[in-house]
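What follows is a single structure, written as structure tokens, with notes after it.
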Amino acid sequence: MSEKIKFTIDGKECFAERGQNILDAATDNGIFIPALCHIRDVKPAGACRLCNVKIAGRLMTACTTPVESGMEIENDIPEIQDLRLAIIEMLFVEGNHFCPACEKSGNCELQALAYRYQMMIPRFPYEFPVKEIDASSPKLIIDHNRCILCKRCIRAFKDENGKNIFAFKKRGHKLQINIDEKLSANLSDEMAQKAMDICPVGAIIRKEKGFNEPIGTRKYDKMPIGSNIERVI
Amino acid sequence: MSKPIVATTSLCGCFGCHMSLLDIDERILELVELVEFNKSPIDDIKEFTKQCDIGLIEGGCCNSENVHVLKDFRKNCKILISFGECALMGGLPAYRNGIPIKECLDEAYLNGPTVINSNPDKILPNDDEIPMMLDKVYPCHEVVKIDYFLPGCPPRADLIWDALVALLTGNELKLPYEVVKFD
């Protein structure tokens, strides 16, 4: 392999492959940078802005910025942590996130980040926007109330034949995820589960399946999100 | 020194949060030693008889009576705590927030499958004694100032207990990861 380049995150010396983005590099060095839109090995989108870090006094998204030799990155500082909490709070107020009634509760990355950053109440007023639930596909439900428009499903999910079944429709504040009704009808149960797992929130839900895991055994019930990354090293 | 006085109420909630308060089990004996209860469904005192130190609010505001009670609590309690998702963000009742109030009332009193033939005069409740429904369900902190928040549906009994004890003893509140949950 090519030689590794050296950089620091909050003063801690880290190493990365040349060209690697900051988010993946931080993960490899046992440092957690939160993100809702990023999936490793999928082209970064910079959609959720949660991975903002400070480099030379400027905020940059860690998922879209390649590491450079000698870079000094600030990550775990009060200013950025508060910015991240503000973004999480905005996501909570601009959708309808009713955790107690959500199938994804306990496995939801947005909720897990709210736990990690100890969100008690958003600083912004709740919007309660009017949104639809699209149950036209026989396998999946698209709940626009919960969608945070991270584009994960568009970028990272293809059906058995390699075709995209998710796409954007409309523009601006009316922007929505759309599902291809015909293609999604042919999804196997495993693929439908995969689509549900790719979604960081509960916007893509399998039909006739839900609340499978009892409280206490779900992904983020006992361990905060990111603790698996921090424990590795 | 006299004991701190606690008041509780359930606005637009299901009483689940009060049930969770009772889930502190035998610690309730300790609680009775620590505090005196005033207006609360637990002792069935209907109106404030004195100034209270802590007010626990379950449920959000869905009608004029909820707003009245909440403002009464703000007036009579030094510290107000919202507990449970309904108080914090409207909760399940806030599912109606996307539906116009007229549609809600029509469905409940005129067109719903269980009422369609039982209301021949097509009357919607409009007596002065009945509280008016608000246009939507509001979280408590959007109506009055709330000092502390305890999330959960219901909030874990340990969370309620730890928060109350920390407040009463003046000790720092430690929040273990497992007790702060939104469901």
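If you're wondering about the labels, chains in the structure tokens are A, B, ... by order shown, residues count from 1 in each chain, ligands from 1 in order shown.
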Mind listing as a PDB file with N, CA, C and O atoms, in the first residue's frame which residues of chain A are within 8 Å of chain B, counting only C-alpha atoms?
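This went into selection05.pdb:
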ATOM      1  N   PHE A  98     -42.283  11.109  15.942  1.00  0.00           N
ATOM      2  CA  PHE A  98     -42.957  10.598  17.138  1.00  0.00           C
ATOM      3  C   PHE A  98     -42.298   9.291  17.553  1.00  0.00           C
ATOM      4  O   PHE A  98     -42.781   8.212  17.232  1.00  0.00           O
ATOM      5  N   CYS A  99     -41.207   9.418  18.279  1.00  0.00           N
ATOM      6  CA  CYS A  99     -40.425   8.225  18.639  1.00  0.00           C
ATOM      7  C   CYS A  99     -41.258   7.099  19.257  1.00  0.00           C
ATOM      8  O   CYS A  99     -41.083   5.937  18.890  1.00  0.00           O
ATOM      9  N   PRO A 100     -42.163   7.380  20.212  1.00  0.00           N
ATOM     10  CA  PRO A 100     -42.864   6.272  20.860  1.00  0.00           C
ATOM     11  C   PRO A 100     -43.671   5.409  19.883  1.00  0.00           C
ATOM     12  O   PRO A 100     -43.934   4.247  20.158  1.00  0.00           O
ATOM     13  N   ALA A 101     -44.056   5.974  18.735  1.00  0.00           N
ATOM     14  CA  ALA A 101     -44.893   5.211  17.807  1.00  0.00           C
ATOM     15  C   ALA A 101     -44.127   4.790  16.554  1.00  0.00           C
ATOM     16  O   ALA A 101     -44.729   4.420  15.565  1.00  0.00           O
ATOM     17  N   SER A 105     -37.639   3.100  16.279  1.00  0.00           N
ATOM     18  CA  SER A 105     -37.172   3.568  17.577  1.00  0.00           C
ATOM     19  C   SER A 105     -36.240   2.536  18.219  1.00  0.00           C
ATOM     20  O   SER A 105     -36.547   1.353  18.253  1.00  0.00           O
ATOM     21  N   GLN A 111     -32.302   9.409  16.399  1.00  0.00           N
ATOM     22  CA  GLN A 111     -32.639   9.309  17.820  1.00  0.00           C
ATOM     23  C   GLN A 111     -31.377   9.018  18.648  1.00  0.00           C
ATOM     24  O   GLN A 111     -31.165   9.622  19.704  1.00  0.00           O
ATOM     25  N   TYR A 115     -29.691  11.079  21.713  1.00  0.00           N
ATOM     26  CA  TYR A 115     -29.301  10.514  23.016  1.00  0.00           C
ATOM     27  C   TYR A 115     -27.850  10.870  23.323  1.00  0.00           C
ATOM     28  O   TYR A 115     -27.511  11.281  24.424  1.00  0.00           O
ATOM     29  N   MET A 120     -32.719  17.183  25.262  1.00  0.00           N
ATOM     30  CA  MET A 120     -33.917  17.041  26.084  1.00  0.00           C
ATOM     31  C   MET A 120     -35.098  17.642  25.338  1.00  0.00           C
ATOM     32  O   MET A 120     -36.155  17.066  25.253  1.00  0.00           O
ATOM     33  N   ILE A 121     -34.865  18.824  24.791  1.00  0.00           N
ATOM     34  CA  ILE A 121     -35.921  19.515  24.077  1.00  0.00           C
ATOM     35  C   ILE A 121     -35.249  20.390  23.005  1.00  0.00           C
ATOM     36  O   ILE A 121     -34.215  20.966  23.264  1.00  0.00           O
ATOM     37  N   PRO A 125     -39.026  26.013  17.839  1.00  0.00           N
ATOM     38  CA  PRO A 125     -40.423  25.577  17.975  1.00  0.00           C
ATOM     39  C   PRO A 125     -40.764  24.460  16.983  1.00  0.00           C
ATOM     40  O   PRO A 125     -40.240  24.440  15.870  1.00  0.00           O
ATOM     41  N   TYR A 126     -41.633  23.558  17.417  1.00  0.00           N
ATOM     42  CA  TYR A 126     -42.040  22.456  16.539  1.00  0.00           C
ATOM     43  C   TYR A 126     -42.870  22.987  15.376  1.00  0.00           C
ATOM     44  O   TYR A 126     -43.745  23.835  15.549  1.00  0.00           O
ATOM     45  N   PHE A 128     -44.579  20.870  13.088  1.00  0.00           N
ATOM     46  CA  PHE A 128     -45.681  19.954  12.755  1.00  0.00           C
ATOM     47  C   PHE A 128     -46.105  20.096  11.293  1.00  0.00           C
ATOM     48  O   PHE A 128     -47.262  20.452  11.007  1.00  0.00           O
ATOM     49  N   PRO A 129     -45.192  19.878  10.359  1.00  0.00           N
ATOM     50  CA  PRO A 129     -45.552  20.022   8.948  1.00  0.00           C
ATOM     51  C   PRO A 129     -46.539  18.931   8.528  1.00  0.00           C
ATOM     52  O   PRO A 129     -46.599  17.859   9.142  1.00  0.00           O
ATOM     53  N   VAL A 130     -47.339  19.238   7.506  1.00  0.00           N
ATOM     54  CA  VAL A 130     -48.286  18.243   6.995  1.00  0.00           C
ATOM     55  C   VAL A 130     -47.576  17.423   5.918  1.00  0.00           C
ATOM     56  O   VAL A 130     -47.179  17.955   4.887  1.00  0.00           O
ATOM     57  N   LYS A 131     -47.375  16.149   6.175  1.00  0.00           N
ATOM     58  CA  LYS A 131     -46.687  15.283   5.224  1.00  0.00           C
ATOM     59  C   LYS A 131     -47.475  14.001   5.028  1.00  0.00           C
ATOM     60  O   LYS A 131     -48.301  13.637   5.849  1.00  0.00           O
ATOM     61  N   ASP A 221     -30.058   0.825  22.600  1.00  0.00           N
ATOM     62  CA  ASP A 221     -30.672   0.839  23.921  1.00  0.00           C
ATOM     63  C   ASP A 221     -29.641   0.967  25.042  1.00  0.00           C
ATOM     64  O   ASP A 221     -29.850   1.656  26.035  1.00  0.00           O
ATOM     65  N   LYS A 222     -28.516   0.263  24.865  1.00  0.00           N
ATOM     66  CA  LYS A 222     -27.542   0.207  25.956  1.00  0.00           C
ATOM     67  C   LYS A 222     -26.269   0.990  25.657  1.00  0.00           C
ATOM     68  O   LYS A 222     -25.637   1.511  26.559  1.00  0.00           O
ATOM     69  N   MET A 223     -25.873   0.996  24.361  1.00  0.00           N
ATOM     70  CA  MET A 223     -24.609   1.632  23.989  1.00  0.00           C
ATOM     71  C   MET A 223     -24.857   2.829  23.084  1.00  0.00           C
ATOM     72  O   MET A 223     -25.592   2.718  22.106  1.00  0.00           O
ATOM     73  N   PRO A 224     -24.233   3.963  23.387  1.00  0.00           N
ATOM     74  CA  PRO A 224     -24.407   5.138  22.528  1.00  0.00           C
ATOM     75  C   PRO A 224     -23.863   4.889  21.117  1.00  0.00           C
ATOM     76  O   PRO A 224     -22.942   4.078  20.935  1.00  0.00           O
TER      77      PRO A 224
END
Review point. What lies within 7 Å of Ile225 (chain A) using only C-alpha atoms, ignoring chain neighbours under 3 positions off, as an MDAnalysis selection string?
Key: chainID A and resid 112:113 116 220
Check your understanding: Skipping near chain neighbours, those fewer than 4 positions away, what residues fall within 10 Å of Lys43 (chain A) using only C-alpha atoms, listed as a PyMOL selection string?
Key -> chain A and resi 38-39+63-64+155-156
Long-range neighbours of region 143-150 of chain A as a PDB file with C-alpha atoms, in the first residue's frame, 10 Å cut-off, only C-alpha atoms, 6 positions minimum in chain:
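Final output, saved to around_3.pdb:
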ATOM      1  CA  ALA A  35     -23.078  11.623  10.277  1.00  0.00           C
ATOM      2  CA  LEU A  36     -26.537  10.673   9.082  1.00  0.00           C
ATOM      3  CA  CYS A  37     -25.961  10.670   5.322  1.00  0.00           C
ATOM      4  CA  HIS A  38     -22.568   9.032   5.004  1.00  0.00           C
ATOM      5  CA  ALA A  45     -23.062  13.704  -0.414  1.00  0.00           C
ATOM      6  CA  GLY A  46     -22.450  16.233   2.359  1.00  0.00           C
ATOM      7  CA  ALA A  47     -26.196  16.343   2.903  1.00  0.00           C
ATOM      8  CA  CYS A  48     -26.718  16.253   6.657  1.00  0.00           C
ATOM      9  CA  ARG A  49     -23.857  18.596   7.719  1.00  0.00           C
ATOM     10  CA  LEU A  91     -34.234  17.761  12.103  1.00  0.00           C
ATOM     11  CA  PHE A  92     -36.557  16.906  14.984  1.00  0.00           C
ATOM     12  CA  GLU A  94     -38.944  20.172  10.874  1.00  0.00           C
ATOM     13  CA  GLY A  95     -40.368  16.662  10.578  1.00  0.00           C
ATOM     14  CA  ASN A  96     -42.848  14.700  12.655  1.00  0.00           C
ATOM     15  CA  HIS A  97     -40.642  12.404  14.704  1.00  0.00           C
ATOM     16  CA  PHE A  98     -42.957  10.598  17.138  1.00  0.00           C
ATOM     17  CA  CYS A  99     -40.425   8.225  18.639  1.00  0.00           C
ATOM     18  CA  CYS A 102     -42.014   4.585  15.387  1.00  0.00           C
ATOM     19  CA  LEU A 110     -31.186  10.350  14.461  1.00  0.00           C
ATOM     20  CA  PHE A 128     -45.681  19.954  12.755  1.00  0.00           C
ATOM     21  CA  PRO A 129     -45.552  20.022   8.948  1.00  0.00           C
ATOM     22  CA  VAL A 130     -48.286  18.243   6.995  1.00  0.00           C
ATOM     23  CA  LYS A 131     -46.687  15.283   5.224  1.00  0.00           C
ATOM     24  CA  GLU A 132     -47.929  12.107   3.588  1.00  0.00           C
ATOM     25  CA  ILE A 133     -47.343   8.430   4.055  1.00  0.00           C
ATOM     26  CA  ASP A 134     -46.818   6.565   0.781  1.00  0.00           C
ATOM     27  CA  ALA A 135     -47.952   2.962   1.164  1.00  0.00           C
ATOM     28  CA  PHE A 168     -36.079  12.463  -5.682  1.00  0.00           C
ATOM     29  CA  LEU A 175     -38.504  17.770  -2.262  1.00  0.00           C
ATOM     30  CA  GLN A 176     -39.473  14.154  -1.536  1.00  0.00           C
ATOM     31  CA  ILE A 177     -38.141  10.652  -1.831  1.00  0.00           C
ATOM     32  CA  ASN A 178     -40.090   8.676  -4.397  1.00  0.00           C
ATOM     33  CA  CYS A 199     -32.434   4.536   6.115  1.00  0.00           C
ATOM     34  CA  PRO A 200     -30.952   6.272   9.189  1.00  0.00           C
ATOM     35  CA  VAL A 201     -34.453   7.121  10.438  1.00  0.00           C
ATOM     36  CA  GLY A 202     -37.843   5.390  10.132  1.00  0.00           C
ATOM     37  CA  ALA A 203     -38.784   6.759   6.712  1.00  0.00           C
ATOM     38  CA  ILE A 204     -38.440   3.400   4.943  1.00  0.00           C
ATOM     39  CA  ILE A 205     -40.341   0.722   6.802  1.00  0.00           C
TER      40      ILE A 205
END
Review point. Where in region 37-138 of chain B does DSSP assign alpha helix (DSSP H), given as a ChimeraX atom specification?
Key: /B:64-76,85-89,101-106
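For Ser2 (chain B), the non-local neighbours within 10 Å, defined as residues at least 3 positions apart in the same chain or in other chains and counting only C-alpha atoms, are Ile5, Leu34, Val35 and Glu36 of chain B.
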With all heavy atoms retained, write the just-selected residues as a PDB file, in the first residue's frame.
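So the final result, stored in part17.pdb, reads:
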ATOM      1  N   ILE B   5     -42.906  20.991  48.744  1.00  0.00           N
ATOM      2  CA  ILE B   5     -44.249  20.594  48.318  1.00  0.00           C
ATOM      3  C   ILE B   5     -44.269  20.310  46.827  1.00  0.00           C
ATOM      4  O   ILE B   5     -43.741  21.091  46.026  1.00  0.00           O
ATOM      5  CB  ILE B   5     -45.271  21.698  48.668  1.00  0.00           C
ATOM      6  CG1 ILE B   5     -45.162  22.027  50.160  1.00  0.00           C
ATOM      7  CG2 ILE B   5     -46.684  21.258  48.326  1.00  0.00           C
ATOM      8  CD1 ILE B   5     -45.824  23.334  50.532  1.00  0.00           C
ATOM      9  N   LEU B  34     -39.879  12.507  52.105  1.00  0.00           N
ATOM     10  CA  LEU B  34     -39.130  13.654  51.580  1.00  0.00           C
ATOM     11  C   LEU B  34     -40.006  14.852  51.272  1.00  0.00           C
ATOM     12  O   LEU B  34     -39.598  15.991  51.441  1.00  0.00           O
ATOM     13  CB  LEU B  34     -38.386  13.246  50.292  1.00  0.00           C
ATOM     14  CG  LEU B  34     -37.028  12.560  50.428  1.00  0.00           C
ATOM     15  CD1 LEU B  34     -36.580  12.018  49.072  1.00  0.00           C
ATOM     16  CD2 LEU B  34     -35.982  13.536  50.957  1.00  0.00           C
ATOM     17  N   VAL B  35     -41.206  14.585  50.724  1.00  0.00           N
ATOM     18  CA  VAL B  35     -42.031  15.696  50.240  1.00  0.00           C
ATOM     19  C   VAL B  35     -43.461  15.612  50.753  1.00  0.00           C
ATOM     20  O   VAL B  35     -43.909  14.577  51.250  1.00  0.00           O
ATOM     21  CB  VAL B  35     -42.087  15.730  48.687  1.00  0.00           C
ATOM     22  CG1 VAL B  35     -40.703  15.855  48.084  1.00  0.00           C
ATOM     23  CG2 VAL B  35     -42.809  14.504  48.134  1.00  0.00           C
ATOM     24  N   GLU B  36     -44.143  16.730  50.576  1.00  0.00           N
ATOM     25  CA  GLU B  36     -45.579  16.766  50.852  1.00  0.00           C
ATOM     26  C   GLU B  36     -46.256  16.990  49.500  1.00  0.00           C
ATOM     27  O   GLU B  36     -45.778  17.772  48.681  1.00  0.00           O
ATOM     28  CB  GLU B  36     -45.845  17.959  51.797  1.00  0.00           C
ATOM     29  CG  GLU B  36     -47.303  18.239  52.059  1.00  0.00           C
ATOM     30  CD  GLU B  36     -47.479  19.569  52.815  1.00  0.00           C
ATOM     31  OE1 GLU B  36     -46.557  20.003  53.539  1.00  0.00           O
ATOM     32  OE2 GLU B  36     -48.542  20.173  52.633  1.00  0.00           O
TER      33      GLU B  36
END
Study note, to complete from the structure: Pairwise distance, CA of Gly59 (chain B) with CA of Leu29 (chain B), equals 25.5 Å
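Residue neighbourhood of Asp24 (chain A), excluding near-sequence residues (fewer than 6 positions): Cys14, Phe15, Ala16, Glu17, Arg18, Gly30, Ile31, Phe32, Ile33, Pro34, Ala35, His38, Ile39, Arg40, Asp41, Val42, Lys43, Pro44, Cys51, Thr61, Ala62, Cys63, Thr64, Thr65, Pro66, Val67 and Ile229 of chain A, at 12 Å, using only C-alpha atoms.
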Atoms kept (N, CA, C and O atoms) for selection, written as an mmCIF file, in the first residue's frame:
data_model
loop_
_atom_site.group_PDB
_atom_site.id
_atom_site.type_symbol
_atom_site.label_atom_id
_atom_site.label_comp_id
_atom_site.auth_asym_id
_atom_site.auth_seq_id
_atom_site.Cartn_x
_atom_site.Cartn_y
_atom_site.Cartn_z
ATOM 1 N N CYS A 14 -2.994 11.020 14.014
ATOM 2 C CA CYS A 14 -3.727 10.014 13.252
ATOM 3 C C CYS A 14 -3.026 9.756 11.927
ATOM 4 O O CYS A 14 -2.246 10.576 11.442
ATOM 5 N N PHE A 15 -3.365 8.592 11.346
ATOM 6 C CA PHE A 15 -2.778 8.243 10.049
ATOM 7 C C PHE A 15 -3.896 7.884 9.073
ATOM 8 O O PHE A 15 -4.924 7.337 9.469
ATOM 9 N N ALA A 16 -3.660 8.192 7.783
ATOM 10 C CA ALA A 16 -4.682 7.873 6.782
ATOM 11 C C ALA A 16 -4.039 7.571 5.441
ATOM 12 O O ALA A 16 -2.890 7.927 5.189
ATOM 13 N N GLU A 17 -4.813 6.895 4.602
ATOM 14 C CA GLU A 17 -4.398 6.699 3.215
ATOM 15 C C GLU A 17 -4.543 8.044 2.499
ATOM 16 O O GLU A 17 -5.446 8.821 2.817
ATOM 17 N N ARG A 18 -3.692 8.280 1.523
ATOM 18 C CA ARG A 18 -3.815 9.511 0.753
ATOM 19 C C ARG A 18 -5.162 9.505 0.010
ATOM 20 O O ARG A 18 -5.554 8.488 -0.562
ATOM 21 N N GLY A 30 -10.239 5.424 15.315
ATOM 22 C CA GLY A 30 -10.993 5.272 16.566
ATOM 23 C C GLY A 30 -11.631 6.548 17.063
ATOM 24 O O GLY A 30 -11.896 6.699 18.253
ATOM 25 N N ILE A 31 -11.868 7.493 16.141
ATOM 26 C CA ILE A 31 -12.522 8.745 16.548
ATOM 27 C C ILE A 31 -13.883 8.837 15.861
ATOM 28 O O ILE A 31 -13.989 8.651 14.645
ATOM 29 N N PHE A 32 -14.900 9.106 16.652
ATOM 30 C CA PHE A 32 -16.260 9.164 16.110
ATOM 31 C C PHE A 32 -16.598 10.575 15.664
ATOM 32 O O PHE A 32 -16.506 11.524 16.440
ATOM 33 N N ILE A 33 -16.965 10.684 14.399
ATOM 34 C CA ILE A 33 -17.542 11.934 13.890
ATOM 35 C C ILE A 33 -18.951 11.583 13.439
ATOM 36 O O ILE A 33 -19.130 10.688 12.614
ATOM 37 N N PRO A 34 -19.992 12.223 13.995
ATOM 38 C CA PRO A 34 -21.355 11.807 13.663
ATOM 39 C C PRO A 34 -21.719 12.159 12.229
ATOM 40 O O PRO A 34 -21.226 13.146 11.678
ATOM 41 N N ALA A 35 -22.573 11.337 11.622
ATOM 42 C CA ALA A 35 -23.078 11.623 10.277
ATOM 43 C C ALA A 35 -24.352 10.826 10.062
ATOM 44 O O ALA A 35 -24.463 9.694 10.533
ATOM 45 N N HIS A 38 -23.739 9.713 5.548
ATOM 46 C CA HIS A 38 -22.568 9.032 5.004
ATOM 47 C C HIS A 38 -22.637 7.508 5.147
ATOM 48 O O HIS A 38 -23.040 6.985 6.171
ATOM 49 N N ILE A 39 -22.263 6.822 4.073
ATOM 50 C CA ILE A 39 -22.060 5.379 4.127
ATOM 51 C C ILE A 39 -20.692 5.121 3.522
ATOM 52 O O ILE A 39 -20.368 5.645 2.457
ATOM 53 N N ARG A 40 -19.918 4.328 4.204
ATOM 54 C CA ARG A 40 -18.566 4.065 3.723
ATOM 55 C C ARG A 40 -18.595 3.447 2.325
ATOM 56 O O ARG A 40 -19.463 2.629 2.021
ATOM 57 N N ASP A 41 -17.668 3.818 1.498
ATOM 58 C CA ASP A 41 -17.521 3.321 0.131
ATOM 59 C C ASP A 41 -18.617 3.786 -0.821
ATOM 60 O O ASP A 41 -18.697 3.311 -1.947
ATOM 61 N N VAL A 42 -19.483 4.671 -0.362
ATOM 62 C CA VAL A 42 -20.454 5.295 -1.262
ATOM 63 C C VAL A 42 -20.038 6.756 -1.397
ATOM 64 O O VAL A 42 -19.612 7.365 -0.415
ATOM 65 N N LYS A 43 -20.144 7.278 -2.616
ATOM 66 C CA LYS A 43 -19.701 8.662 -2.853
ATOM 67 C C LYS A 43 -20.383 9.615 -1.860
ATOM 68 O O LYS A 43 -21.619 9.652 -1.793
ATOM 69 N N PRO A 44 -19.597 10.384 -1.088
ATOM 70 C CA PRO A 44 -20.191 11.260 -0.069
ATOM 71 C C PRO A 44 -21.095 12.335 -0.675
ATOM 72 O O PRO A 44 -20.855 12.775 -1.798
ATOM 73 N N CYS A 51 -21.294 16.156 10.153
ATOM 74 C CA CYS A 51 -19.880 15.796 10.301
ATOM 75 C C CYS A 51 -18.977 17.014 10.221
ATOM 76 O O CYS A 51 -17.766 16.873 10.121
ATOM 77 N N THR A 61 -17.247 19.874 5.919
ATOM 78 C CA THR A 61 -17.844 18.566 6.164
ATOM 79 C C THR A 61 -16.773 17.489 6.008
ATOM 80 O O THR A 61 -16.088 17.421 4.990
ATOM 81 N N ALA A 62 -16.665 16.679 7.049
ATOM 82 C CA ALA A 62 -15.589 15.677 7.082
ATOM 83 C C ALA A 62 -15.766 14.618 5.997
ATOM 84 O O ALA A 62 -14.800 14.008 5.552
ATOM 85 N N CYS A 63 -17.000 14.390 5.542
ATOM 86 C CA CYS A 63 -17.223 13.310 4.572
ATOM 87 C C CYS A 63 -16.776 13.701 3.171
ATOM 88 O O CYS A 63 -16.424 12.850 2.372
ATOM 89 N N THR A 64 -16.784 15.008 2.874
ATOM 90 C CA THR A 64 -16.439 15.420 1.506
ATOM 91 C C THR A 64 -15.039 16.029 1.402
ATOM 92 O O THR A 64 -14.605 16.397 0.321
ATOM 93 N N THR A 65 -14.347 16.134 2.530
ATOM 94 C CA THR A 65 -13.026 16.755 2.508
ATOM 95 C C THR A 65 -11.930 15.690 2.634
ATOM 96 O O THR A 65 -11.928 14.942 3.610
ATOM 97 N N PRO A 66 -11.030 15.600 1.662
ATOM 98 C CA PRO A 66 -9.947 14.616 1.790
ATOM 99 C C PRO A 66 -8.922 15.058 2.831
ATOM 100 O O PRO A 66 -8.697 16.253 3.016
ATOM 101 N N VAL A 67 -8.352 14.086 3.498
ATOM 102 C CA VAL A 67 -7.318 14.386 4.485
ATOM 103 C C VAL A 67 -6.062 14.857 3.762
ATOM 104 O O VAL A 67 -5.728 14.334 2.699
ATOM 105 N N ILE A 229 -17.009 2.419 17.408
ATOM 106 C CA ILE A 229 -15.830 2.998 16.752
ATOM 107 C C ILE A 229 -14.791 3.363 17.799
ATOM 108 O O ILE A 229 -13.609 3.070 17.657
#
Review point. Using only C-alpha atoms, which residues sit within 10 Å of Gly16 (chain B) once same-chain residues fewer than 3 positions away are excluded, as a PyMOL selection string?
Key: chain B and resi 10+13+19-22+58-59+84+153-155
